[in-house]
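Everything below belongs to structure09.cif, which stores mmCIF, C-alpha atoms.
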```cif
data_target
#
loop_
_atom_site.label_atom_id
_atom_site.label_comp_id
_atom_site.auth_asym_id
_atom_site.auth_seq_id
_atom_site.Cartn_x
_atom_site.Cartn_y
_atom_site.Cartn_z
CA MET A 1433 84.16 -54.77 -49.23
CA THR A 1434 84.54 -53.25 -45.79
CA ARG A 1435 81.61 -52.59 -43.49
CA GLU A 1436 81.82 -48.89 -44.19
CA GLU A 1437 81.82 -49.45 -47.97
CA LYS A 1438 78.78 -51.73 -47.64
CA SER A 1439 76.99 -49.12 -45.56
CA ILE A 1440 77.69 -46.45 -48.18
CA ALA A 1441 76.55 -48.79 -50.99
CA ILE A 1442 73.30 -49.53 -49.13
CA LYS A 1443 72.65 -45.80 -48.61
CA ASP A 1444 73.29 -45.14 -52.31
CA LEU A 1445 70.96 -47.95 -53.38
CA THR A 1446 68.29 -46.78 -50.92
CA ALA A 1447 68.49 -43.28 -52.39
CA GLN A 1448 68.18 -44.70 -55.92
CA LEU A 1449 65.14 -46.76 -54.94
CA ALA A 1450 63.44 -43.73 -53.37
CA ASP A 1451 63.56 -41.75 -56.60
CA VAL A 1452 62.11 -44.30 -59.04
CA ASN A 1453 58.80 -45.96 -59.85
CA VAL A 1454 60.07 -48.56 -62.33
CA ILE A 1455 62.65 -51.18 -61.37
CA TYR A 1456 63.24 -54.46 -63.18
CA LEU A 1457 65.44 -57.25 -61.87
CA ALA A 1458 67.00 -59.72 -64.29
CA ASP A 1459 69.81 -62.22 -64.58
CA ILE A 1460 72.25 -61.31 -67.36
CA SER A 1461 74.99 -63.73 -66.29
CA GLY A 1462 76.41 -65.86 -69.05
CA LEU A 1463 76.07 -63.20 -71.74
CA ASP A 1464 79.27 -62.74 -73.69
CA ALA A 1465 81.05 -59.39 -73.59
CA ASP A 1466 79.72 -58.26 -76.97
CA THR A 1467 76.09 -59.03 -76.06
CA THR A 1468 76.47 -57.37 -72.66
CA SER A 1469 77.92 -54.28 -74.32
CA ASN A 1470 75.01 -54.20 -76.79
CA LEU A 1471 72.53 -54.57 -73.90
CA ARG A 1472 74.12 -51.68 -72.02
CA ARG A 1473 74.11 -49.57 -75.20
CA ALA A 1474 70.41 -50.33 -75.85
CA CYS A 1475 69.56 -49.42 -72.25
CA PHE A 1476 71.50 -46.16 -72.51
CA LYS A 1477 69.70 -45.19 -75.75
CA ALA A 1478 66.33 -45.93 -74.11
CA GLY A 1479 67.17 -43.89 -71.00
CA ILE A 1480 67.38 -46.97 -68.79
CA LYS A 1481 70.06 -47.32 -66.15
CA LEU A 1482 71.50 -50.85 -65.98
CA GLU A 1483 73.46 -51.79 -62.89
CA VAL A 1484 74.73 -55.12 -61.58
CA VAL A 1485 73.99 -55.27 -57.85
CA LYS A 1486 74.83 -57.48 -54.91
CA ASN A 1487 71.72 -59.28 -53.70
CA THR A 1488 72.31 -58.73 -49.99
CA LEU A 1489 73.00 -55.01 -50.44
CA LEU A 1490 69.90 -54.55 -52.61
CA GLU A 1491 67.77 -56.49 -50.12
CA LYS A 1492 68.96 -54.27 -47.25
CA ALA A 1493 68.33 -51.15 -49.36
CA MET A 1494 64.78 -52.38 -50.09
CA GLU A 1495 64.19 -52.91 -46.37
CA ALA A 1496 65.53 -49.43 -45.57
CA SER A 1497 63.46 -47.78 -48.31
CA ASP A 1498 60.14 -46.04 -47.68
CA SER A 1499 58.63 -47.96 -50.62
CA ASP A 1500 57.02 -51.36 -50.09
CA PHE A 1501 58.81 -53.88 -52.29
CA GLY A 1502 56.77 -56.78 -50.93
CA ASP A 1503 58.04 -60.18 -52.05
CA LEU A 1504 60.42 -58.75 -54.65
CA SER A 1505 63.39 -59.60 -52.42
CA THR A 1506 62.57 -63.31 -52.85
CA VAL A 1507 63.97 -63.21 -56.41
CA LEU A 1508 67.36 -61.99 -55.22
CA LYS A 1509 69.25 -65.20 -55.90
CA GLY A 1510 72.14 -65.75 -58.26
CA ASN A 1511 73.30 -62.84 -60.38
CA THR A 1512 71.06 -59.80 -60.38
CA SER A 1513 71.02 -56.77 -62.61
CA MET A 1514 68.77 -53.81 -61.90
CA PHE A 1515 67.11 -51.85 -64.71
CA ILE A 1516 65.88 -48.42 -63.59
CA ALA A 1517 63.59 -46.60 -66.00
CA ASP A 1518 60.97 -43.88 -66.36
CA THR A 1519 58.66 -45.88 -68.63
CA ALA A 1520 56.99 -49.00 -67.30
CA ASN A 1521 57.49 -51.13 -70.40
CA GLY A 1522 60.95 -49.94 -71.51
CA PRO A 1523 63.06 -52.58 -69.75
CA ALA A 1524 60.58 -55.33 -70.68
CA LYS A 1525 60.90 -54.44 -74.37
CA ILE A 1526 64.69 -54.52 -74.21
CA ILE A 1527 64.76 -57.83 -72.32
CA LYS A 1528 62.34 -59.37 -74.82
CA GLU A 1529 64.36 -58.08 -77.78
CA PHE A 1530 67.57 -59.61 -76.42
CA ARG A 1531 65.79 -62.87 -75.61
CA LYS A 1532 65.15 -63.38 -79.32
CA LYS A 1533 68.86 -64.18 -79.61
CA GLY A 1534 69.06 -66.45 -76.54
CA GLU A 1535 67.54 -67.33 -73.21
CA LYS A 1536 69.08 -64.41 -71.31
CA PRO A 1537 68.44 -61.88 -69.84
CA LEU A 1538 66.15 -63.86 -67.56
CA PHE A 1539 63.42 -61.65 -66.07
CA LYS A 1540 63.16 -62.13 -62.31
CA GLY A 1541 60.75 -59.46 -61.14
CA ALA A 1542 59.71 -55.83 -61.29
CA TYR A 1543 58.44 -52.99 -59.16
CA ILE A 1544 56.23 -50.73 -61.27
CA ASN A 1545 54.30 -47.88 -59.68
CA GLN A 1546 53.98 -49.67 -56.33
CA GLU A 1547 52.96 -52.99 -57.95
CA ILE A 1548 55.12 -56.12 -57.72
CA TYR A 1549 55.52 -58.52 -60.66
CA ILE A 1550 57.43 -61.76 -60.11
CA GLY A 1551 58.17 -64.46 -62.67
CA ASP A 1552 59.52 -64.75 -66.18
CA ASN A 1553 56.05 -65.68 -67.47
CA LEU A 1554 54.89 -62.04 -66.93
CA LEU A 1555 57.37 -60.53 -69.38
CA ASP A 1556 54.91 -60.43 -72.32
CA SER A 1557 52.31 -58.72 -70.13
CA LEU A 1558 54.83 -56.11 -69.05
CA VAL A 1559 55.81 -55.40 -72.66
CA ALA A 1560 52.13 -54.62 -73.35
CA ILE A 1561 51.92 -51.97 -70.62
CA LYS A 1562 51.50 -48.58 -72.23
CA SER A 1563 53.68 -45.68 -71.22
CA LYS A 1564 52.14 -42.47 -69.95
CA GLU A 1565 52.94 -40.77 -73.27
CA GLU A 1566 51.25 -43.56 -75.27
CA VAL A 1567 48.08 -43.33 -73.16
CA ILE A 1568 47.97 -39.54 -73.48
CA GLY A 1569 48.46 -39.85 -77.25
CA GLU A 1570 45.57 -42.30 -77.51
CA ILE A 1571 43.29 -40.05 -75.45
CA ILE A 1572 44.14 -37.02 -77.58
CA GLY A 1573 43.46 -39.07 -80.72
CA LEU A 1574 40.09 -40.16 -79.37
CA LEU A 1575 39.17 -36.60 -78.43
CA GLN A 1576 40.20 -35.21 -81.83
CA SER A 1577 38.36 -37.85 -83.84
CA PRO A 1578 34.78 -36.50 -83.41
CA ALA A 1579 35.88 -32.93 -84.11
CA GLN A 1580 37.67 -34.04 -87.28
CA ARG A 1581 34.55 -35.86 -88.46
CA VAL A 1582 32.39 -32.73 -87.96
CA ILE A 1583 34.88 -30.57 -89.87
CA ALA A 1584 35.07 -33.11 -92.71
CA ALA A 1585 31.27 -33.29 -92.90
CA LEU A 1586 30.99 -29.49 -93.03
CA LYS A 1587 33.58 -29.28 -95.81
CA ASN A 1588 31.75 -31.90 -97.89
CA GLN A 1589 28.34 -30.13 -97.68
CA PRO A 1590 27.04 -29.13 -101.13
CA ASN A 1591 27.11 -25.37 -101.73
CA LYS A 1592 23.48 -24.07 -101.68
CA GLU A 1593 24.23 -21.09 -103.94
CA GLU A 1594 25.33 -23.26 -106.87
CA GLY A 1595 22.11 -25.29 -106.98
CA ALA A 1596 19.70 -22.30 -106.66
CA GLU A 1597 19.22 -21.60 -110.41
#
```

When written as structure tokens, how does the structure in this file appear?
Amino acid sequence: MTREEKSIAIKDLTAQLADVNVIYLADISGLDADTTSNLRRACFKAGIKLEVVKNTLLEKAMEASDSDFGDLSTVLKGNTSMFIADTANGPAKIIKEFRKKGEKPLFKGAYINQEIYIGDNLLDSLVAIKSKEEVIGEIIGLLQSPAQRVIAALKNQPNKEEGAE
């Protein structure tokens, strides 16, 4: 890669980092072609962009970005793949699903809504994060519940006209 190509790649990565709130870093090296293809397909179906990146270019893009990636650059060793998503738990679910078949992908770290998560031991916690849509659904369900109880109680009231003989 020439200097100019590296500069362009860093600018592209910096632009990508500026537009997202959910970034996962993982090591997918060692996966066979079929498994890698299935991983990419699963990411595509979930609306997650999967991209293999060069550590030094990603580190420079993080430094150039307006976002604070804190210590996330410390995990940039070995092979690194970047998962970019809209939902906070989407990449974690896919990584966990593929880990049932083996030890890879290995979760390295994540940047989720300005919070940094580092270490494979946090994967289960990240799977449990609820998406914005799930939280809104739960709130709507909680708000509807009392109204539904009142309506059900009113429907089950005995009719006063029938018992007035």

Contact table region 1458-1494 of chain A vs region 1533-1541 of chain A, cut-off 9 Å, shortest pair per residue, all atoms listed in the file, as JSON lines:
```
{"residue": "A:Ala1458", "atom": "CA", "partner": "A:Phe1539", "partner_atom": "CA", "distance": 4.4}
{"residue": "A:Asp1459", "atom": "CA", "partner": "A:Leu1538", "partner_atom": "CA", "distance": 5.0}
{"residue": "A:Ile1460", "atom": "CA", "partner": "A:Pro1537", "partner_atom": "CA", "distance": 4.6}
{"residue": "A:Ser1461", "atom": "CA", "partner": "A:Pro1537", "partner_atom": "CA", "distance": 7.7}
{"residue": "A:Gly1462", "atom": "CA", "partner": "A:Lys1536", "partner_atom": "CA", "distance": 7.8}
{"residue": "A:Leu1463", "atom": "CA", "partner": "A:Lys1536", "partner_atom": "CA", "distance": 7.1}
```

Near region 1467-1475 of chain A, 10 Å: region 1498-1522 of chain A residue rows, closest pairs, all atoms listed in the file, as a Markdown table:
```
| residue | atom | partner | partner_atom | distance |
| --- | --- | --- | --- | --- |
| A:Phe1515 | CA | A:Cys1475 | CA | 8.3 |
| A:Ile1516 | CA | A:Cys1475 | CA | 9.5 |
| A:Ala1517 | CA | A:Cys1475 | CA | 9.1 |
| A:Gly1522 | CA | A:Cys1475 | CA | 8.7 |
```

| field | Atom-to-atom span, CA of Leu1449 (chain A) and CA of Val1507 (chain A), Å | value | 16.6 Å

| message | Which residues are near region 1495-1506 of chain A? Cut-off 9 Å, only C-alpha atoms, ignore same chain within fewer than 3 positions. Put them as a PyMOL selection string. | response | chain A and resi 1442-1443+1446-1447+1449-1450+1457+1487+1490-1492+1509+1540-1543+1546-1550

| How many Å separate CA of Thr1519 (chain A) from CA of Lys1438 (chain A)? | 29.7 Å

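The space between CA of Ile1544 (chain A) and CA of Ile1480 (chain A) spans 14.0 Å.
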
| query | Closest to Leu1558 (chain A) among A:Ala1520, A:Val1485, A:Ala1585, A:Ile1526, using only C-alpha atoms? | reply | A:Ala1520

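Distances from A:Met1494, A:Ala1524, A:Ser1513, A:Ile1440 to Ala1478 (chain A) were compared using only C-alpha atoms, and the smallest one belongs to A:Ala1524.
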
Box along x, y and z, 4 Å on every side, all listed atoms of region 1557-1570 of chain A inside: centre and edge lengths in Å to one decimal, as AutoDock Vina command-line options.
```
--center_x 50.7 --center_y -49.1 --center_z -73.3 --size_x 18.2 --size_y 27.2 --size_z 16.5
```

| Restricting the calculation to all atoms listed in the file, which member of A:Leu1555, A:Ile1583, A:Ile1571, A:Leu1508 is positioned closest to Ile1527 (chain A)? | A:Leu1555

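Among A:Met1433, A:Ala1441, A:Leu1489, A:Met1514, the residue with the shortest atom-to-atom distance to Ile1455 (chain A), counting only C-alpha atoms, is A:Met1514.
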